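Below: the structure, in structure tokens.
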Amino acid sequence: MKKLFIYFLSICCFFNMFLIVGCKDKDVDSCKHDFYSDVISESTCKDKGMIRYTCDKCQYTYFDDLKLVDHDYESSNVGATCTEEGYTLFECTVCGKTHKNNFIPANGNHNHKETDRKKSTCLKQGYIEYTCDRCGDVYKQTLEISDHEYEKVTINGVTIYSCKYCGKEA
Ligand SMILES: [Zn+2]
Ligand SMILES: [Zn+2]
Ligand SMILES: [Zn+2]
Ligand SMILES: [Zn+2]
């Protein structure tokens with residue numbers, strides 16, 4: 001009985017081979033496929049990869065897409081300034097896609113403090129420079145031309161008053 005079964009199997013194998021060569025489509029239809037897979041190309045975050053399935057028995061093949069993989073985000077923190085909010089910036093190292101998260105509100109108004117001053121003369125306008133001690137924002141306030149500054153000058157025993165900047169006599 002066992003011998004007969006083996007004999008029967010070998011006949012089947014013989015016919016199977018004949019069918020693969022002779023009438024493949026029919027064989028594919030009747031095959032209980034047993035697929036193995038090969039990854040043809042790996043997925044990235046922007047391009048789907050491809051996988052090929054091949055039936056071990058009848059060599060029937062088909063292709064399928066692989067799922068996109070997650071973005072490979074790198075994060076960096078952007079601090080809040082007086083006027084603009086801060087956030088954590090996420091940027092994909094593969095495709096460059098970005099998104100922002102963890103928003104920090106702006107500090108509010110600047111906190112300007114006087115950092116430099118040049119006084120006006122009768123010839124030239126001076127200024128006061130203010131710098132925000134939180135964000136470094138700078139602005140200058142221009143000062144009005146000032147009056148002459150007279151000095152007492154004695155030349156050859158004669159005393160006069162003249163402006164020390166422009167020389168105008170009083
Ligand atoms: Zn098959
Ligand atoms: Zn990406
Ligand atoms: Zn500021
Ligand atoms: Zn003057």
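Quick note on naming: the chains in the structure tokens go A, B, ... in the order shown, residues restart at 1 in each chain, and ligands are numbered from 1 in order of appearance.
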At a cut-off of 10 Å and counting only C-alpha atoms and all ligand atoms, what residues surround ligand 3? Please answer as a list of chain:residue names.
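Using only C-alpha atoms and all ligand atoms, I find these residues within 10 Å of ligand 3: A:Thr81, A:Cys82, A:Thr83, A:Glu84, A:Ala106, A:Asn107, A:Gly108, A:Asn109, A:His110, A:Asn111, A:His112, A:Thr131, A:Cys132, A:Asp133, A:Arg134, A:Cys135, A:Gly136, A:Asp137, A:Val138.
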Which protein, DNA or RNA residues have an atom within 10 Å of ligand 2, counting only C-alpha atoms and all ligand atoms, as a VMD selection string?
chain A and resid 44 to 47 68 to 73 91 to 98
Can I get the selected residues back with N, CA and C atoms, as a tab-separated table (two decimals), in the first residue's frame?
```
chain	number	residue	atom	x	y	z
A	44	THR	N	11.43	54.50	1.78
A	44	THR	CA	11.91	55.65	2.54
A	44	THR	C	10.65	56.38	3.02
A	45	CYS	N	10.84	57.59	3.58
A	45	CYS	CA	9.67	58.35	4.02
A	45	CYS	C	8.95	59.01	2.86
A	46	LYS	N	9.60	59.08	1.68
A	46	LYS	CA	8.92	59.73	0.55
A	46	LYS	C	8.63	58.78	-0.60
A	47	ASP	N	9.34	57.65	-0.70
A	47	ASP	CA	9.09	56.70	-1.78
A	47	ASP	C	8.77	55.32	-1.23
A	68	LEU	N	5.26	53.30	3.38
A	68	LEU	CA	6.26	54.34	3.66
A	68	LEU	C	6.75	54.18	5.09
A	69	VAL	N	8.02	54.47	5.32
A	69	VAL	CA	8.52	54.42	6.70
A	69	VAL	C	8.37	55.81	7.32
A	70	ASP	N	8.45	55.88	8.65
A	70	ASP	CA	8.31	57.17	9.34
A	70	ASP	C	9.48	58.09	8.99
A	71	HIS	N	9.20	59.38	9.05
A	71	HIS	CA	10.27	60.36	8.85
A	71	HIS	C	11.30	60.23	9.96
A	72	ASP	N	12.53	60.56	9.62
A	72	ASP	CA	13.62	60.48	10.59
A	72	ASP	C	13.89	61.90	11.10
A	73	TYR	N	13.10	62.30	12.11
A	73	TYR	CA	13.15	63.69	12.56
A	73	TYR	C	14.31	63.96	13.50
A	91	GLU	N	12.94	68.39	11.84
A	91	GLU	CA	13.25	68.34	10.42
A	91	GLU	C	13.71	66.94	10.05
A	92	CYS	N	13.07	66.39	9.01
A	92	CYS	CA	13.42	65.04	8.56
A	92	CYS	C	14.77	65.09	7.85
A	93	THR	N	15.69	64.22	8.28
A	93	THR	CA	17.04	64.22	7.69
A	93	THR	C	17.04	63.62	6.29
A	94	VAL	N	15.94	62.95	5.92
A	94	VAL	CA	15.89	62.30	4.60
A	94	VAL	C	15.23	63.21	3.57
A	95	CYS	N	14.03	63.72	3.88
A	95	CYS	CA	13.28	64.48	2.87
A	95	CYS	C	13.16	65.96	3.20
A	96	GLY	N	13.58	66.37	4.38
A	96	GLY	CA	13.55	67.80	4.72
A	96	GLY	C	12.21	68.32	5.21
A	97	LYS	N	11.21	67.45	5.32
A	97	LYS	CA	9.91	67.88	5.83
A	97	LYS	C	10.08	68.41	7.26
A	98	THR	N	9.39	69.52	7.54
A	98	THR	CA	9.52	70.09	8.88
A	98	THR	C	8.16	70.24	9.54
```
Residues of chain A in helix (DSSP H, G or I) according to DSSP, as a list of chain:residue names?
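DSSP-assigned helix (DSSP H, G or I) residues in chain A: A:Lys2, A:Lys3, A:Leu4, A:Phe5, A:Ile6, A:Tyr7, A:Phe8, A:Leu9, A:Ser10, A:Ile11, A:Cys12, A:Cys13, A:Phe14, A:Phe15, A:Asn16, A:Met17, A:Phe18, A:Leu19, A:Ile20, A:Val21, A:Gly22, A:Lys24, A:Asp25, A:Lys26, A:Asp27, A:Val28, A:Asp29, A:Ser30.
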Do you know which residues are within 7 Å of ligand 1 using only C-alpha atoms and all ligand atoms? Can you write them as a ChimeraX atom specification?
/A:28,31-34,55-60
For N, CA and C atoms, I'd like the residues from the last selection saved as a JSON list (two decimals), in the first residue's frame.
```
[["chain", "number", "residue", "atom", "x", "y", "z"],
["A", 28, "VAL", "N", -0.98, 27.38, -12.67],
["A", 28, "VAL", "CA", -1.05, 28.52, -11.76],
["A", 28, "VAL", "C", -2.44, 28.57, -11.13],
["A", 31, "CYS", "N", -2.70, 25.81, -8.56],
["A", 31, "CYS", "CA", -1.63, 25.72, -7.55],
["A", 31, "CYS", "C", -2.10, 26.31, -6.23],
["A", 32, "LYS", "N", -1.85, 25.61, -5.15],
["A", 32, "LYS", "CA", -2.03, 26.21, -3.84],
["A", 32, "LYS", "C", -0.72, 26.91, -3.52],
["A", 33, "HIS", "N", -0.64, 28.18, -3.91],
["A", 33, "HIS", "CA", 0.64, 28.91, -3.89],
["A", 33, "HIS", "C", 1.31, 28.89, -2.52],
["A", 34, "ASP", "N", 2.60, 28.85, -2.58],
["A", 34, "ASP", "CA", 3.40, 28.93, -1.37],
["A", 34, "ASP", "C", 4.47, 30.00, -1.64],
["A", 55, "CYS", "N", 5.87, 32.26, -6.05],
["A", 55, "CYS", "CA", 5.41, 30.95, -5.57],
["A", 55, "CYS", "C", 6.52, 29.93, -5.76],
["A", 56, "ASP", "N", 6.83, 29.28, -4.71],
["A", 56, "ASP", "CA", 7.89, 28.27, -4.70],
["A", 56, "ASP", "C", 7.56, 27.11, -5.64],
["A", 57, "LYS", "N", 6.28, 26.87, -5.81],
["A", 57, "LYS", "CA", 5.85, 25.70, -6.57],
["A", 57, "LYS", "C", 5.70, 25.98, -8.06],
["A", 58, "CYS", "N", 5.01, 27.09, -8.40],
["A", 58, "CYS", "CA", 4.71, 27.33, -9.81],
["A", 58, "CYS", "C", 5.42, 28.54, -10.39],
["A", 59, "GLN", "N", 6.19, 29.23, -9.57],
["A", 59, "GLN", "CA", 6.97, 30.40, -10.00],
["A", 59, "GLN", "C", 6.10, 31.61, -10.36],
["A", 60, "TYR", "N", 4.81, 31.54, -10.02],
["A", 60, "TYR", "CA", 3.96, 32.71, -10.25],
["A", 60, "TYR", "C", 4.47, 33.86, -9.39]]
```
Using only C-alpha atoms and all ligand atoms, find each residue in chain A having at least one atom no more than 10 Å away from ligand 4; report its shortest atom-to-atom pair and that distance in Å (one decimal), rows by chain then rising number, as a tab-separated table.
```
residue	atom	partner	partner_atom_place_in_ligand_line	distance
A:Thr121	CA	ligand 4	1 (Zn)	7.2
A:Cys122	CA	ligand 4	1 (Zn)	4.6
A:Leu123	CA	ligand 4	1 (Zn)	6.6
A:Lys124	CA	ligand 4	1 (Zn)	9.8
A:Ile145	CA	ligand 4	1 (Zn)	10.0
A:Ser146	CA	ligand 4	1 (Zn)	8.5
A:Asp147	CA	ligand 4	1 (Zn)	6.7
A:His148	CA	ligand 4	1 (Zn)	3.8
A:Glu149	CA	ligand 4	1 (Zn)	6.1
A:Tyr150	CA	ligand 4	1 (Zn)	7.6
A:Ser162	CA	ligand 4	1 (Zn)	7.9
A:Cys163	CA	ligand 4	1 (Zn)	4.6
A:Lys164	CA	ligand 4	1 (Zn)	6.5
A:Tyr165	CA	ligand 4	1 (Zn)	4.9
A:Cys166	CA	ligand 4	1 (Zn)	4.1
A:Gly167	CA	ligand 4	1 (Zn)	6.1
A:Lys168	CA	ligand 4	1 (Zn)	5.7
A:Glu169	CA	ligand 4	1 (Zn)	8.6
A:Ala170	CA	ligand 4	1 (Zn)	9.7
```
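With only C-alpha atoms taken into account, the protein and nucleic acid residues at most 7 Å from Thr142 (chain A) (excluding it and anything under 3 positions from it in its own chain) are Gln125, Gly126, Tyr127 and Ile128 of chain A.
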Could you dump the residues just selected with C-alpha atoms as a PDB file, in the first residue's frame?
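Dumped to selection-v9.pdb:
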```pdb
ATOM      1  CA  GLN A 125      23.169 115.898  16.460  1.00  0.00           C
ATOM      2  CA  GLY A 126      23.874 113.431  19.209  1.00  0.00           C
ATOM      3  CA  TYR A 127      21.929 110.289  20.032  1.00  0.00           C
ATOM      4  CA  ILE A 128      20.955 107.885  22.753  1.00  0.00           C
TER       5      ILE A 128
END
```
Enumerate the residues of chain A with a DSSP assignment of strand (DSSP E or B), computed from the backbone, and present them as a PyMOL selection string.
chain A and resi 35-41+50-55+61-65+73-78+86-92+98-104+112-118+127-132+138-142+150-155+158-163+169
Okay, now the selection with C-alpha atoms, as a tab-separated table (two decimals), in the first residue's frame?
```
chain	number	residue	atom	x	y	z
A	35	PHE	CA	5.01	32.36	-1.65
A	36	TYR	CA	8.40	33.53	-0.59
A	37	SER	CA	9.26	37.22	-0.81
A	38	ASP	CA	12.16	39.38	-1.94
A	39	VAL	CA	12.41	43.06	-1.10
A	40	ILE	CA	13.30	44.72	-4.40
A	41	SER	CA	13.69	48.20	-2.94
A	50	MET	CA	8.68	47.23	-3.65
A	51	ILE	CA	8.42	43.61	-2.67
A	52	ARG	CA	8.15	40.62	-5.01
A	53	TYR	CA	6.30	37.46	-4.07
A	54	THR	CA	7.19	34.28	-5.89
A	55	CYS	CA	5.41	30.95	-5.57
A	61	THR	CA	5.12	36.20	-9.21
A	62	TYR	CA	3.48	39.44	-8.28
A	63	PHE	CA	4.69	42.75	-6.91
A	64	ASP	CA	3.40	44.86	-4.07
A	65	ASP	CA	4.21	48.25	-2.57
A	73	TYR	CA	13.15	63.69	12.56
A	74	GLU	CA	15.93	65.66	14.19
A	75	SER	CA	14.83	68.32	16.62
A	76	SER	CA	16.29	71.70	17.48
A	77	ASN	CA	15.00	74.39	19.81
A	78	VAL	CA	14.35	77.93	18.65
A	86	GLY	CA	9.85	79.99	20.34
A	87	TYR	CA	9.32	76.35	19.34
A	88	THR	CA	10.91	73.00	18.79
A	89	LEU	CA	11.64	72.47	15.10
A	90	PHE	CA	11.55	68.93	13.76
A	91	GLU	CA	13.25	68.34	10.42
A	92	CYS	CA	13.42	65.04	8.56
A	98	THR	CA	9.52	70.09	8.88
A	99	HIS	CA	7.00	70.65	11.59
A	100	LYS	CA	6.96	72.72	14.74
A	101	ASN	CA	5.86	71.83	18.23
A	102	ASN	CA	6.11	72.89	21.89
A	103	PHE	CA	5.43	76.57	21.25
A	104	ILE	CA	6.74	79.05	23.80
A	112	HIS	CA	15.18	98.55	26.16
A	113	LYS	CA	17.90	100.12	28.27
A	114	GLU	CA	20.26	102.95	27.45
A	115	THR	CA	23.56	101.49	26.30
A	116	ASP	CA	25.27	104.44	24.61
A	117	ARG	CA	24.93	108.21	24.47
A	118	LYS	CA	26.61	110.90	22.41
A	127	TYR	CA	21.93	110.29	20.03
A	128	ILE	CA	20.96	107.88	22.75
A	129	GLU	CA	21.24	104.21	21.89
A	130	TYR	CA	18.89	101.75	23.54
A	131	THR	CA	19.40	97.98	23.52
A	132	CYS	CA	16.88	95.36	24.63
A	138	VAL	CA	18.72	98.19	19.13
A	139	TYR	CA	17.31	101.60	18.31
A	140	LYS	CA	18.75	105.10	18.38
A	141	GLN	CA	16.99	108.24	19.47
A	142	THR	CA	18.42	111.30	17.77
A	150	TYR	CA	30.66	129.41	25.22
A	151	GLU	CA	34.01	129.34	26.89
A	152	LYS	CA	35.91	132.20	28.41
A	153	VAL	CA	39.05	132.77	26.34
A	154	THR	CA	41.72	135.38	27.06
A	155	ILE	CA	43.87	136.45	24.14
A	158	VAL	CA	41.39	140.56	26.10
A	159	THR	CA	38.74	138.26	27.42
A	160	ILE	CA	36.08	136.98	25.04
A	161	TYR	CA	33.52	134.20	25.05
A	162	SER	CA	33.51	131.86	22.09
A	163	CYS	CA	31.78	128.56	21.34
A	169	GLU	CA	31.78	134.68	19.59
```
